[in-house]
file query32.txt (compact mmCIF, N, CA and C atoms and all ligand atoms)
# COMPACT_ATOMS: atom_id res chain seq x y z
N MET A 1 -29.62 -78.86 0.31
CA MET A 1 -30.61 -77.93 -0.19
C MET A 1 -29.93 -76.79 -0.97
N ARG A 2 -30.54 -76.47 -2.11
CA ARG A 2 -29.92 -75.46 -2.98
C ARG A 2 -30.82 -74.22 -3.06
N ILE A 3 -30.25 -73.07 -2.76
CA ILE A 3 -31.04 -71.83 -2.77
C ILE A 3 -30.37 -70.82 -3.70
N LEU A 4 -31.20 -70.29 -4.60
CA LEU A 4 -30.77 -69.23 -5.52
C LEU A 4 -31.17 -67.88 -4.93
N VAL A 5 -30.21 -66.99 -4.76
CA VAL A 5 -30.48 -65.65 -4.22
C VAL A 5 -30.28 -64.64 -5.35
N ILE A 6 -31.38 -63.97 -5.71
CA ILE A 6 -31.34 -63.03 -6.84
C ILE A 6 -31.48 -61.60 -6.31
N ASN A 7 -30.59 -60.74 -6.73
CA ASN A 7 -30.68 -59.31 -6.40
C ASN A 7 -30.77 -58.50 -7.69
N GLY A 8 -31.71 -57.55 -7.70
CA GLY A 8 -31.98 -56.78 -8.90
C GLY A 8 -31.15 -55.51 -9.02
N PRO A 9 -31.62 -54.60 -9.87
CA PRO A 9 -30.81 -53.45 -10.28
C PRO A 9 -30.36 -52.54 -9.15
N ASN A 10 -29.10 -52.14 -9.27
CA ASN A 10 -28.41 -51.21 -8.37
C ASN A 10 -27.99 -51.82 -7.04
N LEU A 11 -28.40 -53.04 -6.76
CA LEU A 11 -28.00 -53.64 -5.48
C LEU A 11 -26.51 -53.99 -5.47
N ASN A 12 -25.87 -53.97 -6.64
CA ASN A 12 -24.40 -54.09 -6.68
C ASN A 12 -23.72 -52.88 -6.03
N LEU A 13 -24.49 -51.80 -5.81
CA LEU A 13 -23.92 -50.59 -5.19
C LEU A 13 -24.06 -50.58 -3.67
N LEU A 14 -24.64 -51.63 -3.13
CA LEU A 14 -24.87 -51.67 -1.67
C LEU A 14 -23.59 -51.31 -0.91
N GLY A 15 -23.78 -50.51 0.12
CA GLY A 15 -22.65 -50.11 0.96
C GLY A 15 -21.89 -48.93 0.43
N ARG A 16 -22.17 -48.54 -0.82
CA ARG A 16 -21.41 -47.44 -1.43
C ARG A 16 -22.23 -46.16 -1.52
N ARG A 17 -23.56 -46.25 -1.48
CA ARG A 17 -24.45 -45.10 -1.58
C ARG A 17 -25.64 -45.32 -0.64
N GLU A 18 -26.27 -44.26 -0.22
CA GLU A 18 -27.52 -44.29 0.55
C GLU A 18 -27.49 -45.29 1.73
N PRO A 19 -26.44 -45.24 2.58
CA PRO A 19 -26.40 -46.20 3.71
C PRO A 19 -27.54 -45.99 4.70
N ALA A 20 -28.10 -44.78 4.75
CA ALA A 20 -29.18 -44.53 5.71
C ALA A 20 -30.41 -45.37 5.35
N ILE A 21 -30.60 -45.65 4.07
CA ILE A 21 -31.77 -46.45 3.65
C ILE A 21 -31.41 -47.92 3.55
N TYR A 22 -30.26 -48.20 2.92
CA TYR A 22 -29.97 -49.60 2.57
C TYR A 22 -28.88 -50.25 3.43
N GLY A 23 -28.34 -49.48 4.41
CA GLY A 23 -27.30 -50.03 5.28
C GLY A 23 -25.91 -49.85 4.68
N SER A 24 -24.91 -50.21 5.48
CA SER A 24 -23.53 -49.96 5.05
C SER A 24 -22.81 -51.22 4.57
N GLY A 25 -23.48 -52.36 4.66
CA GLY A 25 -22.85 -53.61 4.19
C GLY A 25 -22.90 -53.71 2.67
N THR A 26 -21.90 -54.36 2.10
CA THR A 26 -21.84 -54.54 0.65
C THR A 26 -22.56 -55.83 0.24
N LEU A 27 -22.80 -55.96 -1.06
CA LEU A 27 -23.43 -57.19 -1.58
C LEU A 27 -22.54 -58.40 -1.29
N GLU A 28 -21.24 -58.20 -1.43
CA GLU A 28 -20.30 -59.30 -1.17
C GLU A 28 -20.41 -59.74 0.29
N GLU A 29 -20.54 -58.77 1.19
CA GLU A 29 -20.66 -59.11 2.63
C GLU A 29 -21.98 -59.84 2.90
N LEU A 30 -23.04 -59.39 2.24
CA LEU A 30 -24.34 -60.08 2.38
C LEU A 30 -24.19 -61.55 1.97
N GLU A 31 -23.58 -61.77 0.80
CA GLU A 31 -23.47 -63.12 0.27
C GLU A 31 -22.57 -63.99 1.16
N ARG A 32 -21.44 -63.42 1.59
CA ARG A 32 -20.52 -64.19 2.45
C ARG A 32 -21.21 -64.53 3.78
N GLY A 33 -21.98 -63.56 4.30
CA GLY A 33 -22.69 -63.79 5.57
C GLY A 33 -23.66 -64.96 5.48
N LEU A 34 -24.37 -65.05 4.34
CA LEU A 34 -25.32 -66.16 4.18
C LEU A 34 -24.58 -67.49 4.07
N ARG A 35 -23.51 -67.50 3.28
CA ARG A 35 -22.73 -68.75 3.15
C ARG A 35 -22.19 -69.21 4.50
N ASP A 36 -21.70 -68.23 5.31
CA ASP A 36 -21.11 -68.58 6.61
C ASP A 36 -22.18 -69.06 7.58
N LYS A 37 -23.36 -68.41 7.55
CA LYS A 37 -24.39 -68.73 8.55
C LYS A 37 -25.12 -70.03 8.23
N TYR A 38 -25.18 -70.38 6.94
CA TYR A 38 -25.95 -71.59 6.56
C TYR A 38 -25.06 -72.53 5.74
N PRO A 39 -24.06 -73.16 6.40
CA PRO A 39 -23.12 -74.00 5.65
C PRO A 39 -23.80 -75.21 5.02
N GLU A 40 -24.98 -75.56 5.53
CA GLU A 40 -25.71 -76.73 4.98
C GLU A 40 -26.40 -76.40 3.67
N VAL A 41 -26.47 -75.12 3.32
CA VAL A 41 -27.15 -74.70 2.09
C VAL A 41 -26.11 -74.47 1.00
N SER A 42 -26.44 -74.95 -0.20
CA SER A 42 -25.60 -74.65 -1.36
C SER A 42 -26.22 -73.44 -2.07
N PHE A 43 -25.53 -72.30 -1.99
CA PHE A 43 -26.07 -71.06 -2.54
C PHE A 43 -25.57 -70.79 -3.95
N ARG A 44 -26.45 -70.25 -4.78
CA ARG A 44 -26.00 -69.55 -5.99
C ARG A 44 -26.48 -68.11 -5.84
N PHE A 45 -25.55 -67.15 -6.04
CA PHE A 45 -25.90 -65.74 -5.95
C PHE A 45 -25.87 -65.14 -7.35
N PHE A 46 -26.90 -64.35 -7.63
CA PHE A 46 -27.02 -63.73 -8.95
C PHE A 46 -27.50 -62.30 -8.77
N GLN A 47 -26.78 -61.35 -9.37
CA GLN A 47 -27.23 -59.95 -9.38
C GLN A 47 -27.19 -59.46 -10.81
N SER A 48 -28.26 -58.74 -11.20
CA SER A 48 -28.25 -58.15 -12.53
C SER A 48 -29.02 -56.84 -12.53
N ASN A 49 -28.60 -55.96 -13.40
CA ASN A 49 -29.30 -54.69 -13.60
C ASN A 49 -30.30 -54.80 -14.75
N HIS A 50 -30.49 -56.01 -15.29
CA HIS A 50 -31.28 -56.19 -16.52
C HIS A 50 -32.46 -57.15 -16.28
N GLU A 51 -33.64 -56.70 -16.59
CA GLU A 51 -34.85 -57.49 -16.34
C GLU A 51 -34.81 -58.84 -17.06
N GLY A 52 -34.43 -58.85 -18.33
CA GLY A 52 -34.41 -60.10 -19.10
C GLY A 52 -33.42 -61.09 -18.53
N ALA A 53 -32.30 -60.60 -18.02
CA ALA A 53 -31.31 -61.51 -17.43
C ALA A 53 -31.87 -62.16 -16.17
N ILE A 54 -32.66 -61.40 -15.42
CA ILE A 54 -33.28 -61.96 -14.21
C ILE A 54 -34.32 -63.00 -14.61
N VAL A 55 -35.10 -62.72 -15.65
CA VAL A 55 -36.09 -63.70 -16.15
C VAL A 55 -35.36 -64.97 -16.59
N ASP A 56 -34.26 -64.83 -17.33
CA ASP A 56 -33.49 -66.00 -17.78
C ASP A 56 -33.01 -66.83 -16.59
N GLU A 57 -32.52 -66.12 -15.56
CA GLU A 57 -32.00 -66.83 -14.37
C GLU A 57 -33.12 -67.60 -13.69
N ILE A 58 -34.28 -66.97 -13.55
CA ILE A 58 -35.42 -67.67 -12.91
C ILE A 58 -35.82 -68.88 -13.75
N GLN A 59 -35.83 -68.74 -15.06
CA GLN A 59 -36.23 -69.88 -15.91
C GLN A 59 -35.27 -71.06 -15.76
N SER A 60 -33.99 -70.77 -15.51
CA SER A 60 -33.04 -71.89 -15.37
C SER A 60 -32.96 -72.41 -13.94
N ALA A 61 -33.68 -71.76 -13.02
CA ALA A 61 -33.57 -72.13 -11.60
C ALA A 61 -33.93 -73.58 -11.30
N PRO A 62 -34.96 -74.17 -11.92
CA PRO A 62 -35.30 -75.55 -11.54
C PRO A 62 -34.14 -76.54 -11.73
N ASP A 63 -33.20 -76.23 -12.61
CA ASP A 63 -32.05 -77.13 -12.81
C ASP A 63 -31.02 -77.00 -11.69
N ILE A 64 -31.03 -75.88 -11.00
CA ILE A 64 -29.92 -75.63 -10.07
C ILE A 64 -30.35 -75.31 -8.64
N ALA A 65 -31.66 -75.15 -8.40
CA ALA A 65 -32.09 -74.71 -7.07
C ALA A 65 -33.40 -75.37 -6.65
N ASP A 66 -33.58 -75.43 -5.31
CA ASP A 66 -34.84 -75.93 -4.75
C ASP A 66 -35.76 -74.79 -4.33
N GLY A 67 -35.20 -73.60 -4.16
CA GLY A 67 -35.99 -72.45 -3.74
C GLY A 67 -35.26 -71.17 -4.11
N ILE A 68 -36.02 -70.07 -4.09
CA ILE A 68 -35.47 -68.78 -4.54
C ILE A 68 -35.73 -67.71 -3.48
N VAL A 69 -34.69 -66.92 -3.19
CA VAL A 69 -34.84 -65.67 -2.44
C VAL A 69 -34.61 -64.56 -3.45
N ILE A 70 -35.55 -63.62 -3.52
CA ILE A 70 -35.41 -62.57 -4.54
C ILE A 70 -35.70 -61.19 -3.98
N ASN A 71 -34.75 -60.27 -4.23
CA ASN A 71 -35.00 -58.84 -4.05
C ASN A 71 -34.97 -58.24 -5.46
N PRO A 72 -36.13 -58.04 -6.06
CA PRO A 72 -36.15 -57.56 -7.45
C PRO A 72 -35.84 -56.07 -7.58
N ALA A 73 -35.59 -55.41 -6.43
CA ALA A 73 -35.28 -53.97 -6.39
C ALA A 73 -36.39 -53.19 -7.13
N ALA A 74 -36.04 -52.26 -8.00
CA ALA A 74 -37.07 -51.42 -8.62
C ALA A 74 -38.03 -52.22 -9.50
N TYR A 75 -37.59 -53.39 -10.00
CA TYR A 75 -38.50 -54.21 -10.81
C TYR A 75 -39.68 -54.75 -10.00
N THR A 76 -39.54 -54.73 -8.67
CA THR A 76 -40.66 -55.10 -7.79
C THR A 76 -41.94 -54.39 -8.22
N HIS A 77 -41.77 -53.11 -8.56
CA HIS A 77 -42.92 -52.22 -8.74
C HIS A 77 -43.35 -52.11 -10.20
N THR A 78 -42.66 -52.83 -11.08
CA THR A 78 -42.96 -52.68 -12.53
C THR A 78 -43.06 -53.99 -13.30
N SER A 79 -42.47 -55.07 -12.76
CA SER A 79 -42.20 -56.21 -13.66
C SER A 79 -43.19 -57.36 -13.59
N ILE A 80 -44.09 -57.38 -14.55
CA ILE A 80 -44.97 -58.55 -14.70
C ILE A 80 -44.16 -59.71 -15.29
N ALA A 81 -43.09 -59.40 -16.02
CA ALA A 81 -42.24 -60.46 -16.60
C ALA A 81 -41.59 -61.30 -15.49
N ILE A 82 -41.11 -60.65 -14.44
CA ILE A 82 -40.49 -61.41 -13.33
C ILE A 82 -41.57 -62.18 -12.57
N LEU A 83 -42.72 -61.55 -12.36
CA LEU A 83 -43.85 -62.28 -11.73
C LEU A 83 -44.18 -63.54 -12.54
N ASP A 84 -44.33 -63.39 -13.84
CA ASP A 84 -44.70 -64.54 -14.69
C ASP A 84 -43.64 -65.63 -14.64
N ALA A 85 -42.36 -65.23 -14.64
CA ALA A 85 -41.28 -66.23 -14.60
C ALA A 85 -41.33 -67.02 -13.30
N LEU A 86 -41.54 -66.31 -12.18
CA LEU A 86 -41.61 -67.02 -10.89
C LEU A 86 -42.80 -67.97 -10.87
N LYS A 87 -43.93 -67.51 -11.39
CA LYS A 87 -45.11 -68.39 -11.43
C LYS A 87 -44.85 -69.59 -12.34
N ALA A 88 -44.20 -69.35 -13.46
CA ALA A 88 -43.96 -70.42 -14.44
C ALA A 88 -43.09 -71.52 -13.86
N VAL A 89 -42.03 -71.16 -13.12
CA VAL A 89 -41.14 -72.22 -12.62
C VAL A 89 -41.71 -72.90 -11.39
N GLY A 90 -42.52 -72.16 -10.63
CA GLY A 90 -43.23 -72.78 -9.51
C GLY A 90 -42.39 -73.19 -8.31
N LEU A 91 -41.13 -72.77 -8.25
CA LEU A 91 -40.32 -73.07 -7.06
C LEU A 91 -40.77 -72.18 -5.91
N PRO A 92 -40.65 -72.67 -4.67
CA PRO A 92 -40.96 -71.78 -3.55
C PRO A 92 -40.03 -70.57 -3.57
N ALA A 93 -40.63 -69.39 -3.45
CA ALA A 93 -39.83 -68.15 -3.52
C ALA A 93 -40.23 -67.22 -2.38
N VAL A 94 -39.24 -66.50 -1.86
CA VAL A 94 -39.49 -65.50 -0.82
C VAL A 94 -38.94 -64.16 -1.31
N GLU A 95 -39.77 -63.13 -1.23
CA GLU A 95 -39.39 -61.78 -1.64
C GLU A 95 -38.81 -61.03 -0.44
N VAL A 96 -37.71 -60.34 -0.67
CA VAL A 96 -37.05 -59.58 0.41
C VAL A 96 -36.81 -58.15 -0.05
N HIS A 97 -37.01 -57.21 0.87
CA HIS A 97 -36.60 -55.82 0.65
C HIS A 97 -35.82 -55.34 1.86
N LEU A 98 -34.70 -54.69 1.61
CA LEU A 98 -33.87 -54.16 2.70
C LEU A 98 -34.64 -53.10 3.48
N SER A 99 -35.30 -52.21 2.76
CA SER A 99 -36.03 -51.10 3.38
C SER A 99 -37.50 -51.50 3.56
N ASP A 100 -38.21 -50.69 4.33
CA ASP A 100 -39.64 -50.93 4.55
C ASP A 100 -40.41 -50.22 3.44
N ILE A 101 -40.65 -50.95 2.35
CA ILE A 101 -41.25 -50.30 1.17
C ILE A 101 -42.64 -49.74 1.47
N LEU A 102 -43.30 -50.29 2.48
CA LEU A 102 -44.67 -49.82 2.78
C LEU A 102 -44.67 -48.44 3.44
N SER A 103 -43.52 -48.02 3.96
CA SER A 103 -43.49 -46.70 4.59
C SER A 103 -42.71 -45.69 3.74
N ARG A 104 -42.46 -46.03 2.49
CA ARG A 104 -41.73 -45.12 1.61
C ARG A 104 -42.69 -44.48 0.58
N GLU A 105 -42.18 -44.00 -0.53
CA GLU A 105 -43.01 -43.32 -1.53
C GLU A 105 -44.14 -44.25 -2.00
N SER A 106 -45.24 -43.67 -2.43
CA SER A 106 -46.39 -44.50 -2.81
C SER A 106 -46.05 -45.44 -3.96
N PHE A 107 -45.15 -45.03 -4.87
CA PHE A 107 -44.84 -45.91 -6.00
C PHE A 107 -44.07 -47.16 -5.58
N ARG A 108 -43.53 -47.16 -4.34
CA ARG A 108 -42.82 -48.37 -3.86
C ARG A 108 -43.75 -49.29 -3.07
N GLN A 109 -44.99 -48.87 -2.86
CA GLN A 109 -45.83 -49.61 -1.92
C GLN A 109 -46.55 -50.80 -2.56
N HIS A 110 -46.52 -50.87 -3.90
CA HIS A 110 -47.11 -52.04 -4.55
C HIS A 110 -46.03 -52.95 -5.13
N SER A 111 -46.17 -54.26 -4.85
CA SER A 111 -45.26 -55.24 -5.43
C SER A 111 -46.02 -56.15 -6.37
N PHE A 112 -45.56 -56.24 -7.63
CA PHE A 112 -46.12 -57.22 -8.55
C PHE A 112 -45.64 -58.63 -8.20
N ILE A 113 -44.50 -58.69 -7.47
CA ILE A 113 -43.82 -59.98 -7.26
C ILE A 113 -44.46 -60.80 -6.14
N SER A 114 -45.06 -60.10 -5.17
CA SER A 114 -45.59 -60.78 -3.98
C SER A 114 -46.54 -61.92 -4.34
N ALA A 115 -47.28 -61.76 -5.42
CA ALA A 115 -48.30 -62.77 -5.79
C ALA A 115 -47.68 -64.12 -6.11
N ALA A 116 -46.37 -64.15 -6.39
CA ALA A 116 -45.73 -65.44 -6.70
C ALA A 116 -44.87 -65.94 -5.54
N CYS A 117 -44.96 -65.28 -4.39
CA CYS A 117 -44.04 -65.60 -3.29
C CYS A 117 -44.78 -66.11 -2.06
N LEU A 118 -44.10 -66.98 -1.32
CA LEU A 118 -44.64 -67.50 -0.06
C LEU A 118 -44.79 -66.41 0.97
N ALA A 119 -43.85 -65.45 0.95
CA ALA A 119 -43.83 -64.38 1.94
C ALA A 119 -43.03 -63.21 1.38
N THR A 120 -43.31 -62.04 1.95
CA THR A 120 -42.54 -60.83 1.61
C THR A 120 -42.00 -60.27 2.92
N ILE A 121 -40.68 -60.09 2.97
CA ILE A 121 -40.02 -59.63 4.20
C ILE A 121 -39.42 -58.26 3.91
N THR A 122 -39.82 -57.25 4.66
CA THR A 122 -39.35 -55.89 4.35
C THR A 122 -38.78 -55.21 5.59
N GLY A 123 -37.82 -54.31 5.34
CA GLY A 123 -37.36 -53.40 6.38
C GLY A 123 -36.43 -54.02 7.41
N LYS A 124 -35.90 -55.19 7.13
CA LYS A 124 -35.02 -55.85 8.12
C LYS A 124 -33.58 -55.90 7.64
N HIS A 125 -33.26 -55.16 6.61
CA HIS A 125 -31.91 -55.13 6.05
C HIS A 125 -31.40 -56.56 5.81
N PHE A 126 -30.13 -56.83 6.14
CA PHE A 126 -29.58 -58.16 5.80
C PHE A 126 -30.33 -59.29 6.54
N ARG A 127 -30.85 -58.98 7.73
CA ARG A 127 -31.58 -60.00 8.51
C ARG A 127 -32.77 -60.56 7.70
N GLY A 128 -33.34 -59.72 6.84
CA GLY A 128 -34.47 -60.17 6.02
C GLY A 128 -34.09 -61.34 5.11
N TYR A 129 -32.86 -61.30 4.57
CA TYR A 129 -32.40 -62.41 3.71
C TYR A 129 -32.25 -63.69 4.54
N GLU A 130 -31.77 -63.52 5.79
CA GLU A 130 -31.61 -64.70 6.66
C GLU A 130 -32.99 -65.31 6.96
N GLU A 131 -33.95 -64.43 7.26
CA GLU A 131 -35.30 -64.95 7.55
C GLU A 131 -35.88 -65.66 6.32
N ALA A 132 -35.58 -65.14 5.14
CA ALA A 132 -36.07 -65.77 3.91
C ALA A 132 -35.45 -67.15 3.74
N VAL A 133 -34.14 -67.25 3.97
CA VAL A 133 -33.47 -68.56 3.87
C VAL A 133 -34.07 -69.53 4.89
N GLU A 134 -34.28 -69.05 6.12
CA GLU A 134 -34.83 -69.92 7.17
C GLU A 134 -36.24 -70.39 6.81
N LEU A 135 -37.03 -69.52 6.20
CA LEU A 135 -38.38 -69.91 5.77
C LEU A 135 -38.31 -70.98 4.67
N LEU A 136 -37.36 -70.82 3.76
CA LEU A 136 -37.23 -71.83 2.69
C LEU A 136 -36.74 -73.16 3.27
N ILE A 137 -35.79 -73.09 4.23
CA ILE A 137 -35.30 -74.34 4.84
C ILE A 137 -36.48 -75.07 5.50
N LYS A 138 -37.32 -74.31 6.22
CA LYS A 138 -38.47 -74.91 6.90
C LYS A 138 -39.45 -75.49 5.86
N THR A 139 -39.70 -74.73 4.80
CA THR A 139 -40.67 -75.16 3.79
C THR A 139 -40.19 -76.40 3.04
N LEU A 140 -38.88 -76.47 2.79
CA LEU A 140 -38.35 -77.54 1.93
C LEU A 140 -37.97 -78.79 2.73
N SER A 141 -37.95 -78.67 4.08
CA SER A 141 -37.49 -79.82 4.89
C SER A 141 -38.62 -80.83 5.08
O1 LIG B 1 -35.61 -51.95 -0.12
C1 LIG B 1 -35.25 -52.66 -1.07
O2 LIG B 1 -34.56 -53.67 -0.95
C2 LIG B 1 -35.61 -52.23 -2.50
O3 LIG B 1 -35.91 -53.42 -3.23
C3 LIG B 1 -34.37 -51.56 -3.06
C4 LIG B 1 -34.59 -50.94 -4.44
C5 LIG B 1 -35.84 -50.08 -4.47
O4 LIG B 1 -36.08 -49.65 -5.80
C6 LIG B 1 -37.06 -50.82 -3.94
O5 LIG B 1 -38.15 -49.92 -3.96
C7 LIG B 1 -36.82 -51.32 -2.55
C8 LIG B 1 -33.41 -50.06 -4.83
C9 LIG B 1 -32.11 -50.72 -4.78
C10 LIG B 1 -31.07 -49.69 -4.96
O6 LIG B 1 -29.94 -50.10 -4.25
C11 LIG B 1 -29.00 -49.18 -3.96
C12 LIG B 1 -28.03 -49.59 -3.11
C13 LIG B 1 -27.05 -48.73 -2.74
C14 LIG B 1 -27.04 -47.44 -3.25
C15 LIG B 1 -28.03 -47.04 -4.10
C16 LIG B 1 -29.02 -47.92 -4.47
call {"tool": "encode", "arguments": {"input": "query32.txt", "output": "structure tokens"}}
result
Amino acid sequence: MRILVINGPNLNLLGRREPAIYGSGTLEELERGLRDKYPEVSFRFFQSNHEGAIVDEIQSAPDIADGIVINPAAYTHTSIAILDALKAVGLPAVEVHLSDILSRESFRQHSFISAACLATITGKHFRGYEEAVELLIKTLS
């Protein structure tokens, strides 16, 4: 099983700023943790600070993945382009947020992306990515 994990803008800074909100683990540690915990899964990890690059990655996903885990970061709250790309490719996708976006500022409480996803997992830090992978494994098996 092949899973594409996409992280959006500023998540390359994980572990270096705002640990009280986003935790102290780095993006590299998140990715290594998933590879170690799910050796049966072939992962591709992609992080970008650019909306169009994320759209391009989603468009190419059907060639390389069976499912998508996505934390679109701030694009969650603005990007109809990412929503449209996920709908267009039609792969099962799970949305993840490290923090509990529903208990933060009002502008973080709406996700454009949820409409294209099987589930949205929030506020569980790195564990949320594991739950997303487990949901995809269950869905795709
Ligand atoms: O809680 C999440 O995972 C978010 O997707 C993170 C985004 C935020 O805009 C969303 O509302 C919720 C922000 C990612 C910024 O990541 C940083 C990581 C370390 C230091 C600073 C920013």
call {"tool": "residues_near_ligand", "arguments": {"input": "query32.txt", "ligand": "ligand LIG 1 (chain B)", "cutoff": "8 Å", "atoms": "only C-alpha atoms and all ligand atoms", "output": "ChimeraX atom specification"}}
result
/A:8-19,21-22,71-77,96-101,108-109,122-123,125
call {"tool": "residues_around", "arguments": {"input": "query32.txt", "residues": "segment 27-42 of chain A", "least_positions_apart": "6", "cutoff": "5 Å", "atoms": "all atoms listed in the file", "output": "PyMOL selection string"}}
result
chain A and resi 1-3+14
call {"tool": "closest_residue", "arguments": {"input": "query32.txt", "among": "A:Thr78, A:Ser60, A:Thr139, A:Gln47", "to": "Ile113 of chain A", "atoms": "all atoms listed in the file"}}
result
A:Thr78
call {"tool": "closest_residue", "arguments": {"input": "query32.txt", "among": "A:Ala115, A:Val5, A:Arg127, A:Glu134", "to": "Arg44 of chain A", "atoms": "all atoms listed in the file"}}
result
A:Val5
call {"tool": "closest_residue", "arguments": {"input": "query32.txt", "among": "A:Gly67, A:Gly128, A:Pro62, A:Gly25", "to": "Ala93 of chain A", "atoms": "all atoms listed in the file"}}
result
A:Gly67
call {"tool": "closest_residue", "arguments": {"input": "query32.txt", "among": "A:Val55, A:Ser111, A:Ile70, A:Glu105", "to": "Ala88 of chain A", "atoms": "only C-alpha atoms"}}
result
A:Val55
call {"tool": "atom_distance", "arguments": {"input": "query32.txt", "atom1": "atom CA of Ile121 of chain A", "atom2": "atom CA of Asp84 of chain A"}}
result
20.1 Å
call {"tool": "atom_distance", "arguments": {"input": "query32.txt", "atom1": "atom N of Ala119 of chain A", "atom2": "atom N of Ala20 of chain A"}}
result
26.3 Å
call {"tool": "closest_residue", "arguments": {"input": "query32.txt", "among": "A:Asp66, A:Gly23, A:Ile6, A:Leu140", "to": "Ser48 of chain A", "atoms": "only N, CA and C atoms"}}
result
A:Ile6
call {"tool": "select_by_dssp", "arguments": {"input": "query32.txt", "residues": "segment 13-54 of chain A", "states": "alpha helix (DSSP H)", "output": "PyMOL selection string"}}
result
chain A and resi 19-22+27-37+51-54
call {"tool": "atom_distance", "arguments": {"input": "query32.txt", "atom1": "atom CA of Ser141 of chain A", "atom2": "atom N of Gln59 of chain A"}}
result
22.9 Å
call {"tool": "residues_near_point", "arguments": {"input": "query32.txt", "point": "(-37.6, -66.8, -11.6)", "cutoff": "6 Å", "atoms": "all atoms listed in the file", "output": "list in words"}}
result
Ile54, Val55, Glu57, Ile58, Gln59, Ala85 and Leu86 of chain A
call {"tool": "build_atoms", "arguments": {"input": "query32.txt", "residues": "segment 116-129 of chain A", "atoms": "N, CA, C and O atoms", "output": "PDB file, in the frame of the given file"}}
result
ATOM      1  N   ALA A 116     -46.370 -64.150  -6.390  1.00  0.00           N
ATOM      2  CA  ALA A 116     -45.730 -65.440  -6.700  1.00  0.00           C
ATOM      3  C   ALA A 116     -44.870 -65.940  -5.540  1.00  0.00           C
ATOM      4  O   ALA A 116     -44.129 -66.908  -5.714  1.00  0.00           O
ATOM      5  N   CYS A 117     -44.960 -65.280  -4.390  1.00  0.00           N
ATOM      6  CA  CYS A 117     -44.040 -65.600  -3.290  1.00  0.00           C
ATOM      7  C   CYS A 117     -44.780 -66.110  -2.060  1.00  0.00           C
ATOM      8  O   CYS A 117     -45.904 -65.688  -1.782  1.00  0.00           O
ATOM      9  N   LEU A 118     -44.100 -66.980  -1.320  1.00  0.00           N
ATOM     10  CA  LEU A 118     -44.640 -67.500  -0.060  1.00  0.00           C
ATOM     11  C   LEU A 118     -44.790 -66.410   0.970  1.00  0.00           C
ATOM     12  O   LEU A 118     -45.677 -66.449   1.804  1.00  0.00           O
ATOM     13  N   ALA A 119     -43.850 -65.450   0.950  1.00  0.00           N
ATOM     14  CA  ALA A 119     -43.830 -64.380   1.940  1.00  0.00           C
ATOM     15  C   ALA A 119     -43.030 -63.210   1.380  1.00  0.00           C
ATOM     16  O   ALA A 119     -42.217 -63.385   0.473  1.00  0.00           O
ATOM     17  N   THR A 120     -43.310 -62.040   1.950  1.00  0.00           N
ATOM     18  CA  THR A 120     -42.540 -60.830   1.610  1.00  0.00           C
ATOM     19  C   THR A 120     -42.000 -60.270   2.920  1.00  0.00           C
ATOM     20  O   THR A 120     -42.777 -60.034   3.858  1.00  0.00           O
ATOM     21  N   ILE A 121     -40.680 -60.090   2.970  1.00  0.00           N
ATOM     22  CA  ILE A 121     -40.020 -59.630   4.200  1.00  0.00           C
ATOM     23  C   ILE A 121     -39.420 -58.260   3.910  1.00  0.00           C
ATOM     24  O   ILE A 121     -38.595 -58.137   2.986  1.00  0.00           O
ATOM     25  N   THR A 122     -39.820 -57.250   4.660  1.00  0.00           N
ATOM     26  CA  THR A 122     -39.350 -55.890   4.350  1.00  0.00           C
ATOM     27  C   THR A 122     -38.780 -55.210   5.590  1.00  0.00           C
ATOM     28  O   THR A 122     -39.203 -55.485   6.722  1.00  0.00           O
ATOM     29  N   GLY A 123     -37.820 -54.310   5.340  1.00  0.00           N
ATOM     30  CA  GLY A 123     -37.360 -53.400   6.380  1.00  0.00           C
ATOM     31  C   GLY A 123     -36.430 -54.020   7.410  1.00  0.00           C
ATOM     32  O   GLY A 123     -36.180 -53.413   8.447  1.00  0.00           O
ATOM     33  N   LYS A 124     -35.900 -55.190   7.130  1.00  0.00           N
ATOM     34  CA  LYS A 124     -35.020 -55.850   8.120  1.00  0.00           C
ATOM     35  C   LYS A 124     -33.580 -55.900   7.640  1.00  0.00           C
ATOM     36  O   LYS A 124     -32.758 -56.641   8.186  1.00  0.00           O
ATOM     37  N   HIS A 125     -33.260 -55.160   6.610  1.00  0.00           N
ATOM     38  CA  HIS A 125     -31.910 -55.130   6.050  1.00  0.00           C
ATOM     39  C   HIS A 125     -31.400 -56.560   5.810  1.00  0.00           C
ATOM     40  O   HIS A 125     -32.153 -57.386   5.339  1.00  0.00           O
ATOM     41  N   PHE A 126     -30.130 -56.830   6.140  1.00  0.00           N
ATOM     42  CA  PHE A 126     -29.580 -58.160   5.800  1.00  0.00           C
ATOM     43  C   PHE A 126     -30.330 -59.290   6.540  1.00  0.00           C
ATOM     44  O   PHE A 126     -30.404 -60.416   6.049  1.00  0.00           O
ATOM     45  N   ARG A 127     -30.850 -58.980   7.730  1.00  0.00           N
ATOM     46  CA  ARG A 127     -31.580 -60.000   8.510  1.00  0.00           C
ATOM     47  C   ARG A 127     -32.770 -60.560   7.700  1.00  0.00           C
ATOM     48  O   ARG A 127     -33.154 -61.716   7.859  1.00  0.00           O
ATOM     49  N   GLY A 128     -33.340 -59.720   6.840  1.00  0.00           N
ATOM     50  CA  GLY A 128     -34.470 -60.170   6.020  1.00  0.00           C
ATOM     51  C   GLY A 128     -34.090 -61.340   5.110  1.00  0.00           C
ATOM     52  O   GLY A 128     -34.883 -62.258   4.894  1.00  0.00           O
ATOM     53  N   TYR A 129     -32.860 -61.300   4.570  1.00  0.00           N
ATOM     54  CA  TYR A 129     -32.400 -62.410   3.710  1.00  0.00           C
ATOM     55  C   TYR A 129     -32.250 -63.690   4.540  1.00  0.00           C
ATOM     56  O   TYR A 129     -32.549 -64.792   4.066  1.00  0.00           O
TER      57      TYR A 129
END
